[in-house]
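Note: the block below is run-v4.csv and it holds CSV, C-alpha atoms.
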```csv
chain,number,residue,atom,x,y,z
U,1,MET,CA,17.0,1.6,13.4
U,2,GLU,CA,19.5,-1.2,13.3
U,3,ALA,CA,18.0,-3.8,11.0
U,4,SER,CA,19.4,-2.4,7.7
U,5,SER,CA,17.5,-5.0,5.6
U,6,LEU,CA,14.3,-3.8,7.2
U,7,ASN,CA,15.2,-0.3,6.4
U,8,ARG,CA,15.9,-1.3,2.8
U,9,LEU,CA,12.5,-2.9,2.6
U,10,ILE,CA,10.8,0.3,4.0
U,11,GLU,CA,12.7,2.3,1.4
U,12,GLU,CA,11.6,0.0,-1.5
U,13,LEU,CA,8.0,0.1,-0.3
U,14,LYS,CA,8.1,3.9,-0.1
U,15,ARG,CA,8.8,4.0,-3.8
U,16,LEU,CA,5.4,2.6,-4.6
U,17,PRO,CA,2.7,5.2,-5.5
U,18,GLY,CA,0.6,6.4,-2.6
U,19,ILE,CA,2.8,4.6,0.0
U,20,GLY,CA,4.3,7.1,2.6
U,21,THR,CA,6.8,6.5,5.3
U,22,LYS,CA,4.2,5.3,7.9
U,23,THR,CA,2.4,2.9,5.6
U,24,ALA,CA,5.8,1.6,4.3
U,25,GLN,CA,6.8,0.9,7.9
U,26,ARG,CA,3.5,-0.8,8.7
U,27,LEU,CA,3.8,-3.0,5.6
U,28,ALA,CA,7.4,-3.9,6.3
U,29,PHE,CA,6.6,-4.9,9.9
U,30,PHE,CA,3.7,-6.9,8.7
U,31,LEU,CA,5.9,-8.7,6.2
U,32,MET,CA,8.4,-9.3,9.1
U,33,LYS,CA,5.7,-10.9,11.2
U,34,VAL,CA,3.9,-13.2,8.8
U,35,PRO,CA,5.2,-16.7,8.1
U,36,LYS,CA,8.1,-16.7,5.7
U,37,GLU,CA,6.2,-18.5,2.9
U,38,ARG,CA,3.5,-15.8,2.8
U,39,ALA,CA,6.0,-13.0,2.5
U,40,LEU,CA,8.0,-14.8,-0.1
U,41,GLY,CA,4.7,-15.4,-2.0
U,42,LEU,CA,4.6,-11.7,-2.7
U,43,ALA,CA,8.3,-11.5,-3.7
U,44,ARG,CA,7.8,-14.4,-6.1
U,45,ALA,CA,4.6,-12.9,-7.6
U,46,ILE,CA,6.6,-9.7,-8.4
U,47,GLU,CA,9.4,-11.7,-10.0
U,48,GLU,CA,7.0,-13.7,-12.0
U,49,VAL,CA,5.1,-10.7,-13.3
U,50,LYS,CA,8.4,-9.1,-14.4
U,51,GLU,CA,9.4,-12.3,-16.1
U,52,LYS,CA,6.1,-13.3,-17.8
U,53,VAL,CA,3.9,-10.3,-18.4
U,54,ARG,CA,4.4,-8.3,-21.6
U,55,PHE,CA,2.3,-6.3,-24.0
U,56,CYS,CA,-0.1,-7.8,-26.5
U,57,ARG,CA,1.4,-7.4,-30.0
U,58,ARG,CA,-1.9,-6.2,-31.4
U,59,CYS,CA,-3.6,-4.0,-28.8
U,60,GLY,CA,-0.9,-3.2,-26.2
U,61,ASN,CA,-2.9,-4.8,-23.3
U,62,LEU,CA,-1.0,-6.8,-20.7
U,63,SER,CA,-0.6,-10.4,-21.7
U,64,GLU,CA,1.5,-13.5,-21.0
U,65,ASN,CA,1.3,-14.5,-24.6
U,66,ASP,CA,1.9,-12.9,-28.0
U,67,LEU,CA,-1.8,-11.9,-28.2
U,68,CYS,CA,-3.8,-11.0,-25.1
U,69,GLY,CA,-6.9,-13.0,-24.1
U,70,ILE,CA,-9.2,-10.4,-25.5
U,71,CYS,CA,-7.5,-10.2,-28.9
U,72,SER,CA,-7.4,-14.0,-29.2
U,73,ASP,CA,-11.0,-14.5,-28.2
U,74,SER,CA,-12.9,-15.1,-31.4
U,75,ARG,CA,-16.3,-14.4,-29.8
U,76,ARG,CA,-15.4,-10.8,-29.4
U,77,ASP,CA,-16.4,-8.2,-32.0
U,78,ALA,CA,-13.1,-7.2,-33.6
U,79,ALA,CA,-14.8,-4.5,-35.6
U,80,LEU,CA,-15.5,-2.5,-32.5
U,81,ILE,CA,-12.3,-1.0,-30.9
U,82,CYS,CA,-12.3,0.8,-27.6
U,83,VAL,CA,-9.3,3.1,-27.2
U,84,VAL,CA,-8.0,3.6,-23.6
U,85,GLN,CA,-5.0,5.2,-22.0
U,86,GLU,CA,-3.9,2.4,-19.7
U,87,ALA,CA,-4.1,-1.4,-19.4
U,88,MET,CA,-5.9,-0.8,-16.1
U,89,ASP,CA,-8.7,0.9,-18.1
U,90,VAL,CA,-9.2,-2.4,-20.0
U,91,LEU,CA,-9.7,-4.1,-16.7
U,92,ALA,CA,-12.2,-1.5,-15.6
U,93,ILE,CA,-14.3,-1.7,-18.7
U,94,ASP,CA,-14.1,-5.4,-19.1
U,95,ARG,CA,-15.2,-5.9,-15.5
U,96,MET,CA,-18.6,-4.7,-16.4
U,97,GLY,CA,-19.1,-7.7,-18.6
U,98,GLU,CA,-21.2,-5.7,-21.1
U,99,TYR,CA,-18.6,-4.6,-23.7
U,100,ARG,CA,-18.0,-7.3,-26.3
U,101,GLY,CA,-15.6,-5.5,-28.6
U,102,VAL,CA,-11.8,-5.3,-28.4
U,103,PHE,CA,-9.4,-2.7,-27.1
U,104,HIS,CA,-6.4,-0.6,-28.0
U,105,VAL,CA,-4.1,0.7,-25.2
U,106,LEU,CA,-2.3,4.0,-25.9
U,107,HIS,CA,-0.1,3.8,-22.8
U,108,GLY,CA,-0.6,7.4,-22.0
U,109,ALA,CA,-2.2,10.6,-23.5
U,110,LEU,CA,-0.9,13.5,-25.4
U,111,SER,CA,0.9,16.0,-23.1
U,112,PRO,CA,3.1,18.6,-24.7
U,113,ILE,CA,4.3,19.7,-21.2
U,114,ASP,CA,5.6,16.2,-20.5
U,115,ASN,CA,7.0,15.9,-24.0
U,116,ILE,CA,4.5,13.2,-24.9
U,117,GLY,CA,3.5,13.6,-28.5
U,118,PRO,CA,1.9,11.1,-30.9
U,119,ASP,CA,5.1,9.2,-31.4
U,120,GLU,CA,5.4,8.4,-27.7
U,121,LEU,CA,2.0,6.7,-27.7
U,122,ASN,CA,1.0,3.3,-29.0
U,123,LEU,CA,-0.7,5.1,-31.9
U,124,ARG,CA,0.8,3.8,-35.1
U,125,PRO,CA,-0.2,0.2,-34.4
U,126,LEU,CA,-3.8,1.5,-34.0
U,127,MET,CA,-3.8,3.2,-37.4
U,128,GLU,CA,-2.3,0.0,-38.9
U,129,ARG,CA,-5.1,-2.0,-37.3
U,130,LEU,CA,-7.7,0.3,-38.9
U,131,GLU,CA,-6.0,-0.2,-42.3
U,132,GLU,CA,-5.6,-4.0,-42.1
U,133,THR,CA,-8.9,-5.1,-40.5
U,134,GLU,CA,-12.5,-4.2,-41.0
U,135,VAL,CA,-13.4,-1.8,-38.2
U,136,ARG,CA,-16.9,-0.4,-37.8
U,137,GLU,CA,-16.5,1.9,-34.8
U,138,VAL,CA,-13.8,3.3,-32.6
U,139,ILE,CA,-14.9,4.3,-29.1
U,140,LEU,CA,-12.5,6.9,-27.6
U,141,ALA,CA,-12.4,6.1,-23.9
U,142,THR,CA,-9.5,8.2,-22.8
U,143,ASN,CA,-9.9,10.0,-19.5
U,144,PRO,CA,-12.0,13.2,-19.4
U,145,THR,CA,-8.9,15.3,-18.5
U,146,ILE,CA,-7.2,17.9,-20.5
U,147,GLU,CA,-4.7,15.4,-21.9
U,148,GLY,CA,-7.3,12.7,-22.4
U,149,GLU,CA,-9.7,15.1,-24.3
U,150,ALA,CA,-6.9,16.4,-26.4
U,151,THR,CA,-5.9,12.9,-27.3
U,152,ALA,CA,-9.5,12.0,-28.1
U,153,MET,CA,-9.9,15.0,-30.4
U,154,TYR,CA,-6.5,14.3,-32.1
U,155,LEU,CA,-7.5,10.6,-32.7
U,156,ALA,CA,-11.0,11.6,-33.9
U,157,ARG,CA,-9.5,13.9,-36.6
U,158,LEU,CA,-7.0,11.2,-37.6
U,159,ILE,CA,-9.6,8.5,-37.9
U,160,HIS,CA,-12.2,10.6,-39.6
U,161,ALA,CA,-9.7,11.0,-42.5
U,162,LYS,CA,-10.5,7.3,-43.2
U,163,ARG,CA,-14.0,7.0,-44.5
U,164,GLY,CA,-16.6,4.6,-43.1
U,165,ILE,CA,-15.3,4.3,-39.6
U,166,LYS,CA,-17.6,5.8,-36.9
U,167,VAL,CA,-15.8,7.5,-34.1
U,168,SER,CA,-17.5,8.0,-30.7
U,169,ARG,CA,-16.6,9.4,-27.3
U,170,ILE,CA,-17.7,8.0,-24.0
U,171,ALA,CA,-20.4,10.1,-22.2
U,172,HIS,CA,-19.4,12.6,-19.6
U,173,GLY,CA,-21.9,13.6,-16.9
U,174,ILE,CA,-23.0,13.2,-13.3
U,175,PRO,CA,-21.7,9.8,-12.0
U,176,MET,CA,-24.4,7.4,-11.0
U,177,GLY,CA,-25.2,7.9,-7.3
U,178,GLY,CA,-23.7,11.3,-7.4
U,179,HIS,CA,-25.5,14.6,-6.4
U,180,LEU,CA,-25.9,17.6,-8.7
U,181,GLU,CA,-25.0,20.0,-5.9
U,182,TYR,CA,-21.5,18.4,-5.6
U,183,ALA,CA,-20.8,18.3,-9.3
U,184,ASP,CA,-18.4,20.8,-10.7
U,185,GLU,CA,-19.5,23.2,-13.4
U,186,VAL,CA,-17.7,21.5,-16.3
U,187,THR,CA,-19.3,18.2,-15.5
U,188,LEU,CA,-22.7,19.8,-15.1
U,189,SER,CA,-22.4,21.5,-18.4
U,190,LYS,CA,-21.3,18.3,-20.1
U,191,ALA,CA,-24.3,16.5,-18.5
U,192,LEU,CA,-26.7,19.1,-19.9
U,193,GLU,CA,-25.0,19.1,-23.3
U,194,GLY,CA,-25.2,15.3,-23.5
U,195,ARG,CA,-28.8,15.1,-22.4
U,196,ARG,CA,-30.9,12.4,-24.1
U,197,GLU,CA,-34.6,12.5,-24.9
U,198,ILE,CA,-36.8,10.1,-22.9
U,199,GLN,CA,-39.1,8.2,-25.2
Z,1,MET,CA,-8.2,-10.6,-17.0
Z,2,GLU,CA,-5.9,-12.9,-18.8
Z,3,ALA,CA,-2.4,-12.3,-17.3
Z,4,SER,CA,-2.6,-14.8,-14.5
Z,5,SER,CA,0.7,-13.9,-13.0
Z,6,LEU,CA,-0.6,-10.3,-12.7
Z,7,ASN,CA,-3.7,-11.6,-11.0
Z,8,ARG,CA,-1.5,-13.5,-8.6
Z,9,LEU,CA,0.4,-10.4,-7.8
Z,10,ILE,CA,-2.8,-8.5,-7.2
Z,11,GLU,CA,-4.0,-11.3,-4.8
Z,12,GLU,CA,-0.7,-11.2,-2.9
Z,13,LEU,CA,-0.8,-7.4,-2.6
Z,14,LYS,CA,-4.4,-7.6,-1.3
Z,15,ARG,CA,-3.2,-9.7,1.6
Z,16,LEU,CA,-1.2,-6.8,2.9
Z,17,PRO,CA,-3.0,-4.8,5.7
Z,18,GLY,CA,-4.9,-1.8,4.5
Z,19,ILE,CA,-4.5,-2.7,0.8
Z,20,GLY,CA,-7.9,-3.2,-1.0
Z,21,THR,CA,-8.6,-4.4,-4.5
Z,22,LYS,CA,-8.2,-1.1,-6.2
Z,23,THR,CA,-4.9,-0.2,-4.4
Z,24,ALA,CA,-3.6,-3.7,-5.2
Z,25,GLN,CA,-4.4,-3.3,-8.9
Z,26,ARG,CA,-2.8,0.2,-8.9
Z,27,LEU,CA,0.4,-1.2,-7.2
Z,28,ALA,CA,0.5,-4.2,-9.5
Z,29,PHE,CA,0.2,-2.1,-12.6
Z,30,PHE,CA,2.8,0.2,-11.3
Z,31,LEU,CA,5.2,-2.7,-10.7
Z,32,MET,CA,4.4,-3.9,-14.2
Z,33,LYS,CA,5.4,-0.5,-15.7
Z,34,VAL,CA,8.6,0.3,-13.8
Z,35,PRO,CA,12.0,-1.0,-15.0
Z,36,LYS,CA,12.6,-4.6,-14.1
Z,37,GLU,CA,15.4,-3.8,-11.7
Z,38,ARG,CA,13.3,-1.5,-9.7
Z,39,ALA,CA,10.5,-4.0,-9.2
Z,40,LEU,CA,12.9,-6.8,-8.4
Z,41,GLY,CA,14.5,-4.5,-5.8
Z,42,LEU,CA,11.3,-4.8,-3.8
Z,43,ALA,CA,11.1,-8.5,-4.2
Z,44,ARG,CA,14.7,-8.9,-3.1
Z,45,ALA,CA,14.2,-6.6,-0.1
Z,46,ILE,CA,11.3,-8.8,1.1
Z,47,GLU,CA,13.4,-11.9,0.6
Z,48,GLU,CA,16.4,-10.4,2.5
Z,49,VAL,CA,14.2,-9.3,5.4
Z,50,LYS,CA,12.8,-12.8,5.8
Z,51,GLU,CA,16.3,-14.2,5.6
Z,52,LYS,CA,18.2,-11.9,7.9
Z,53,VAL,CA,15.9,-10.2,10.4
Z,54,ARG,CA,15.1,-11.9,13.6
Z,55,PHE,CA,14.4,-10.9,17.2
Z,56,CYS,CA,16.9,-9.6,19.7
Z,57,ARG,CA,17.7,-12.3,22.2
Z,58,ARG,CA,17.4,-9.9,25.1
Z,59,CYS,CA,14.6,-7.4,24.3
Z,60,GLY,CA,12.6,-9.0,21.4
Z,61,ASN,CA,13.3,-6.0,19.1
Z,62,LEU,CA,14.0,-6.7,15.4
Z,63,SER,CA,17.7,-7.2,14.7
Z,64,GLU,CA,20.1,-8.8,12.2
Z,65,ASN,CA,22.3,-9.9,15.0
Z,66,ASP,CA,22.0,-11.9,18.3
Z,67,LEU,CA,21.6,-8.6,20.2
Z,68,CYS,CA,19.8,-5.6,18.6
Z,69,GLY,CA,21.6,-2.2,18.1
Z,70,ILE,CA,20.0,-0.7,21.2
Z,71,CYS,CA,20.8,-3.6,23.6
Z,72,SER,CA,24.4,-3.7,22.3
Z,73,ASP,CA,24.9,0.1,22.6
Z,74,SER,CA,26.9,0.6,25.8
Z,75,ARG,CA,26.0,4.3,25.9
Z,76,ARG,CA,22.4,3.5,26.6
Z,77,ASP,CA,21.0,3.3,30.1
Z,78,ALA,CA,20.3,-0.4,30.7
Z,79,ALA,CA,18.7,0.4,34.1
Z,80,LEU,CA,15.8,2.1,32.4
Z,81,ILE,CA,13.5,-0.3,30.4
Z,82,CYS,CA,10.6,0.9,28.3
Z,83,VAL,CA,8.1,-1.9,27.7
Z,84,VAL,CA,6.2,-1.7,24.4
Z,85,GLN,CA,3.8,-4.0,22.5
Z,86,GLU,CA,5.4,-4.0,19.1
Z,87,ALA,CA,8.8,-3.5,17.5
Z,88,MET,CA,7.3,-0.6,15.6
Z,89,ASP,CA,6.8,1.2,18.9
Z,90,VAL,CA,10.5,1.0,19.5
Z,91,LEU,CA,11.0,2.8,16.2
Z,92,ALA,CA,8.5,5.4,17.1
Z,93,ILE,CA,10.0,6.2,20.5
Z,94,ASP,CA,13.6,6.0,19.4
Z,95,ARG,CA,12.9,8.4,16.5
Z,96,MET,CA,12.3,11.2,19.0
Z,97,GLY,CA,16.0,10.9,20.0
Z,98,GLU,CA,15.3,11.8,23.6
Z,99,TYR,CA,14.9,8.4,25.2
Z,100,ARG,CA,18.3,7.0,26.3
Z,101,GLY,CA,17.2,3.8,28.0
Z,102,VAL,CA,16.6,0.3,26.5
Z,103,PHE,CA,13.4,-1.5,25.5
Z,104,HIS,CA,11.5,-4.7,25.9
Z,105,VAL,CA,9.0,-5.8,23.2
Z,106,LEU,CA,6.1,-7.9,24.4
Z,107,HIS,CA,4.9,-8.8,20.9
Z,108,GLY,CA,1.3,-8.1,21.8
Z,109,ALA,CA,-0.9,-7.4,24.7
Z,110,LEU,CA,-3.1,-9.5,27.0
Z,111,SER,CA,-6.4,-10.3,25.3
Z,112,PRO,CA,-8.5,-13.1,26.8
Z,113,ILE,CA,-10.9,-12.9,23.8
Z,114,ASP,CA,-8.0,-13.7,21.4
Z,115,ASN,CA,-6.6,-16.3,23.8
Z,116,ILE,CA,-3.6,-14.2,24.5
Z,117,GLY,CA,-2.5,-14.7,28.1
Z,118,PRO,CA,0.9,-13.9,29.8
Z,119,ASP,CA,2.4,-17.0,28.3
Z,120,GLU,CA,1.8,-15.8,24.8
Z,121,LEU,CA,3.7,-12.6,25.4
Z,122,ASN,CA,7.5,-12.1,25.6
Z,123,LEU,CA,7.0,-11.6,29.3
Z,124,ARG,CA,9.2,-14.2,31.0
Z,125,PRO,CA,12.4,-12.8,29.5
Z,126,LEU,CA,11.4,-9.4,30.9
Z,127,MET,CA,11.1,-10.8,34.4
Z,128,GLU,CA,14.4,-12.6,34.0
Z,129,ARG,CA,16.0,-9.3,32.9
Z,130,LEU,CA,14.7,-7.7,36.1
Z,131,GLU,CA,16.2,-10.5,38.2
Z,132,GLU,CA,19.6,-10.5,36.4
Z,133,THR,CA,20.4,-6.9,35.8
Z,134,GLU,CA,20.2,-3.8,37.9
Z,135,VAL,CA,17.0,-2.0,36.8
Z,136,ARG,CA,15.9,1.3,38.2
Z,137,GLU,CA,12.7,2.0,36.4
Z,138,VAL,CA,10.3,0.2,34.1
Z,139,ILE,CA,8.2,2.5,31.8
Z,140,LEU,CA,5.0,0.8,30.7
Z,141,ALA,CA,4.4,2.2,27.2
Z,142,THR,CA,1.7,-0.2,26.0
Z,143,ASN,CA,-1.1,1.3,24.0
Z,144,PRO,CA,-3.9,3.2,25.8
Z,145,THR,CA,-6.4,0.6,24.6
Z,146,ILE,CA,-8.3,-1.9,26.8
Z,147,GLU,CA,-5.7,-4.6,26.1
Z,148,GLY,CA,-2.8,-2.3,26.5
Z,149,GLU,CA,-4.1,-0.9,29.8
Z,150,ALA,CA,-4.8,-4.4,31.1
Z,151,THR,CA,-1.3,-5.4,30.2
Z,152,ALA,CA,0.2,-2.4,31.9
Z,153,MET,CA,-1.8,-3.0,35.1
Z,154,TYR,CA,-0.8,-6.7,35.1
Z,155,LEU,CA,2.9,-5.9,34.6
Z,156,ALA,CA,2.8,-3.2,37.2
Z,157,ARG,CA,1.5,-5.7,39.8
Z,158,LEU,CA,4.0,-8.2,38.8
Z,159,ILE,CA,7.0,-5.9,38.9
Z,160,HIS,CA,5.9,-4.2,42.1
Z,161,ALA,CA,6.3,-7.5,43.8
Z,162,LYS,CA,10.1,-6.9,43.3
Z,163,ARG,CA,11.1,-4.1,45.6
Z,164,GLY,CA,13.2,-1.2,44.5
Z,165,ILE,CA,12.0,-1.1,40.9
Z,166,LYS,CA,10.0,2.0,40.0
Z,167,VAL,CA,7.1,1.4,37.6
Z,168,SER,CA,5.7,4.2,35.5
Z,169,ARG,CA,3.1,4.6,32.8
Z,170,ILE,CA,3.3,7.0,29.8
Z,171,ALA,CA,1.0,10.0,30.1
Z,172,HIS,CA,-2.5,10.0,28.5
Z,173,GLY,CA,-4.1,13.3,27.4
Z,174,ILE,CA,-4.8,15.6,24.6
Z,175,PRO,CA,-2.3,15.1,21.8
Z,176,MET,CA,-0.1,18.1,21.0
Z,177,GLY,CA,-1.8,20.2,18.3
Z,178,GLY,CA,-5.1,18.6,19.2
Z,179,HIS,CA,-8.3,20.5,20.1
Z,180,LEU,CA,-10.2,20.0,23.3
Z,181,GLU,CA,-13.5,20.0,21.5
Z,182,TYR,CA,-12.6,17.0,19.4
Z,183,ALA,CA,-11.2,14.9,22.3
Z,184,ASP,CA,-13.3,12.0,23.5
Z,185,GLU,CA,-14.4,12.0,27.1
Z,186,VAL,CA,-12.0,9.3,28.3
Z,187,THR,CA,-9.1,11.2,26.9
Z,188,LEU,CA,-10.3,14.4,28.4
Z,189,SER,CA,-10.8,12.8,31.8
Z,190,LYS,CA,-7.3,11.3,31.6
Z,191,ALA,CA,-5.9,14.7,30.7
Z,192,LEU,CA,-7.6,16.3,33.7
Z,193,GLU,CA,-6.6,13.5,36.0
Z,194,GLY,CA,-2.9,13.7,34.9
Z,195,ARG,CA,-2.7,17.5,35.2
Z,196,ARG,CA,0.6,18.9,36.4
Z,197,GLU,CA,1.2,22.0,38.5
Z,198,ILE,CA,2.9,24.9,36.7
Z,199,GLN,CA,5.7,26.3,38.8
```
Take the structure from the file and write it as C-alpha cells.
Amino acid sequence: MEASSLNRLIEELKRLPGIGTKTAQRLAFFLMKVPKERALGLARAIEEVKEKVRFCRRCGNLSENDLCGICSDSRRDAALICVVQEAMDVLAIDRMGEYRGVFHVLHGALSPIDNIGPDELNLRPLMERLEETEVREVILATNPTIEGEATAMYLARLIHAKRGIKVSRIAHGIPMGGHLEYADEVTLSKALEGRREIQ
Amino acid sequence: MEASSLNRLIEELKRLPGIGTKTAQRLAFFLMKVPKERALGLARAIEEVKEKVRFCRRCGNLSENDLCGICSDSRRDAALICVVQEAMDVLAIDRMGEYRGVFHVLHGALSPIDNIGPDELNLRPLMERLEETEVREVILATNPTIEGEATAMYLARLIHAKRGIKVSRIAHGIPMGGHLEYADEVTLSKALEGRREIQ
C-alpha cells in the first residue's frame, strides 16, 4: 500500500489489545472515510485522557482530581473498602448502583512468574488507610484466578493481623443465567461449598 | 464514573464500527495504562491520516499524492482495470501479488433504498478513463451481494456499449478450504454454474 500514514495508523491500531490486522484495517479505513472532525474527536479524546486522568491519591482509582469522585463523596461509607485489581473493576461494581462503600485499586495481582510481588502492587497505601481511618470491613474482590486468589489470601492474612477489621471474599459460584452442565468443576465445587440455607 | 475525559474517550471509541461498550472501556483503560508516548502515537496517526491521505485523482484509491502508487507505477498494465467498491478491496486484491493491472474504486455500490444511484458513485471518471486510455479488459470485482451484483450488471451494460472492451466478473463459488455442506444454496448454484472443464 502506498499511503504510508494510513499504514502507520493501521500499525498503531494493531497495538491495541484484541485488535488484529483485519480489524485495524477496517478501523483505519473507517477513520479515513468519516468527516475530519469526527476522526479528530477520537484523537483529541486520547490526548485529553493522557493529559488529565491520573490516579486517586487515596484509592488508586482513575481520577481527574487529587481524590476520585468516590473517595470525595461524603455519602459513601468510608468504613467499607472493596479491594479490586483494576480501575475497570471499580466501574463494573459501581455500575450496579448497590455498593455504597469505597474502593482500593491494587493495579494488579501477585504473580511470582511475572515478578509481581507485594511491592509492585498499590498495597502499602491500603495498609496505611487501615491504620489511619476507621475501617469496619474489607471486601476482597480480586478475580477468582490463581493470582487473584493468592492476592486475596495474602491480603486476608495481612489484614487479620489488625484486630477488629472483618475481611470478606466475594462469592464464587454459578453465574446468574448460567447452566450447571456447562460449569467447570472448580466453579461447581465453589458453588456447593458456598451454599446458603434458605429460610 | 468520575473521570469525564475517560468517559469521552469511551464514547469516541464506541463510535467505531464493531466496537461496543465493553470493548471501548477495555481499549480506553488500555490507553490509560500505556506510556503516554504510545497512546499519543495513535492520536497522531489519526491526525496525520486525516491531514495527508486523499483520493487518487485517476482511480479513487487512497493516496498521499495526486496519483496513487498503483496508478503512477509504470510497470503495471494500465489496459486492465479492476473495478472495486472500496479502497480496502484494492488492498485485499493487491496483497495477493498476482494482479498486475490497475484499479478503479467506486466508493460504494448502487442501492436505490439508500438513495445511491450512478451519480453517487465514482463512475463518471471510470467512463472517462475508458474513453481516454486504451483499455483491454474491465474486471468487475464488486461484492457478490445484491447491490454489488446490480452494480456489476449496470456497469457491464454501460461498458459493453463501447466496443472492443472485454468485461469480466470475478468468479463466485465455494471458498478455498470451505466445505460443500456448509455452503448456502446460491453459492453452490454459482459454483456449479461456473464449473470449468479439467483438461
Excluding Cys82 of chain Z and its own-chain neighbours fewer than 3 positions away, which residues fall within 6 Å of it when counting only C-alpha atoms? Please give them as a ChimeraX atom specification. /Z:103,138-139
Enumerate as a PDB file with C-alpha atoms, in the frame of the given file the residues belonging to chain U that approach chain Z to within 8 Å, with all atoms listed in the file taken into account.
```pdb
ATOM      1  CA  MET U   1      17.000   1.600  13.400  1.00  0.00           C
ATOM      2  CA  GLU U   2      19.500  -1.200  13.300  1.00  0.00           C
ATOM      3  CA  ALA U   3      18.000  -3.800  11.000  1.00  0.00           C
ATOM      4  CA  SER U   4      19.400  -2.400   7.700  1.00  0.00           C
ATOM      5  CA  SER U   5      17.500  -5.000   5.600  1.00  0.00           C
ATOM      6  CA  LEU U   6      14.300  -3.800   7.200  1.00  0.00           C
ATOM      7  CA  ARG U   8      15.900  -1.300   2.800  1.00  0.00           C
ATOM      8  CA  LEU U   9      12.500  -2.900   2.600  1.00  0.00           C
ATOM      9  CA  GLU U  12      11.600   0.000  -1.500  1.00  0.00           C
ATOM     10  CA  LEU U  13       8.000   0.100  -0.300  1.00  0.00           C
ATOM     11  CA  LEU U  16       5.400   2.600  -4.600  1.00  0.00           C
ATOM     12  CA  PRO U  17       2.700   5.200  -5.500  1.00  0.00           C
ATOM     13  CA  GLN U  25       6.800   0.900   7.900  1.00  0.00           C
ATOM     14  CA  ARG U  26       3.500  -0.800   8.700  1.00  0.00           C
ATOM     15  CA  LEU U  27       3.800  -3.000   5.600  1.00  0.00           C
ATOM     16  CA  PHE U  29       6.600  -4.900   9.900  1.00  0.00           C
ATOM     17  CA  PHE U  30       3.700  -6.900   8.700  1.00  0.00           C
ATOM     18  CA  LEU U  31       5.900  -8.700   6.200  1.00  0.00           C
ATOM     19  CA  MET U  32       8.400  -9.300   9.100  1.00  0.00           C
ATOM     20  CA  LYS U  36       8.100 -16.700   5.700  1.00  0.00           C
ATOM     21  CA  ALA U  39       6.000 -13.000   2.500  1.00  0.00           C
ATOM     22  CA  LEU U  40       8.000 -14.800  -0.100  1.00  0.00           C
ATOM     23  CA  GLY U  41       4.700 -15.400  -2.000  1.00  0.00           C
ATOM     24  CA  LEU U  42       4.600 -11.700  -2.700  1.00  0.00           C
ATOM     25  CA  ALA U  43       8.300 -11.500  -3.700  1.00  0.00           C
ATOM     26  CA  ARG U  44       7.800 -14.400  -6.100  1.00  0.00           C
ATOM     27  CA  ALA U  45       4.600 -12.900  -7.600  1.00  0.00           C
ATOM     28  CA  ILE U  46       6.600  -9.700  -8.400  1.00  0.00           C
ATOM     29  CA  GLU U  47       9.400 -11.700 -10.000  1.00  0.00           C
ATOM     30  CA  GLU U  48       7.000 -13.700 -12.000  1.00  0.00           C
ATOM     31  CA  VAL U  49       5.100 -10.700 -13.300  1.00  0.00           C
ATOM     32  CA  LYS U  50       8.400  -9.100 -14.400  1.00  0.00           C
ATOM     33  CA  LYS U  52       6.100 -13.300 -17.800  1.00  0.00           C
ATOM     34  CA  VAL U  53       3.900 -10.300 -18.400  1.00  0.00           C
ATOM     35  CA  LEU U  62      -1.000  -6.800 -20.700  1.00  0.00           C
ATOM     36  CA  SER U  63      -0.600 -10.400 -21.700  1.00  0.00           C
ATOM     37  CA  GLU U  64       1.500 -13.500 -21.000  1.00  0.00           C
ATOM     38  CA  CYS U  68      -3.800 -11.000 -25.100  1.00  0.00           C
ATOM     39  CA  GLY U  69      -6.900 -13.000 -24.100  1.00  0.00           C
ATOM     40  CA  ILE U  70      -9.200 -10.400 -25.500  1.00  0.00           C
ATOM     41  CA  MET U  88      -5.900  -0.800 -16.100  1.00  0.00           C
ATOM     42  CA  LEU U  91      -9.700  -4.100 -16.700  1.00  0.00           C
TER      43      LEU U  91
END
```
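Rounded to one decimal, atom CA of Gly148 of chain Z and atom CA of Ser72 of chain Z lie 27.6 Å from each other.
For the pair atom CA of Gly173 of chain Z and atom CA of Ser189 of chain Z, the interatomic distance is 8.0 Å.
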So how many Å separate atom CA of Glu147 of chain Z and atom CA of Leu110 of chain Z, to one decimal? 5.6 Å
What's the 9 Å shell around Arg100 of chain Z, counting all atoms listed in the file, without same-chain residues fewer than 6 positions away, as a count of residues only? 6
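Distance annotation: of Z:Gly97, Z:Gly177, Z:Asn143, Z:Arg58, the residue with the minimal separation from Arg129 of chain Z is Z:Arg58; atom set is all atoms listed in the file.
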Go through Z:Lys22, Z:Arg57, Z:Arg157, Z:His104 and flag the residue nearest Val84 of chain Z, using all atoms listed in the file for the distances. Z:His104
At a cut-off of 7 Å, using only C-alpha atoms, what residues contact segment 167-169 of chain U? Leave out same-chain residues fewer than 2 positions from it and give the result as a PyMOL selection string. chain U and resi 137-141+156+165+171
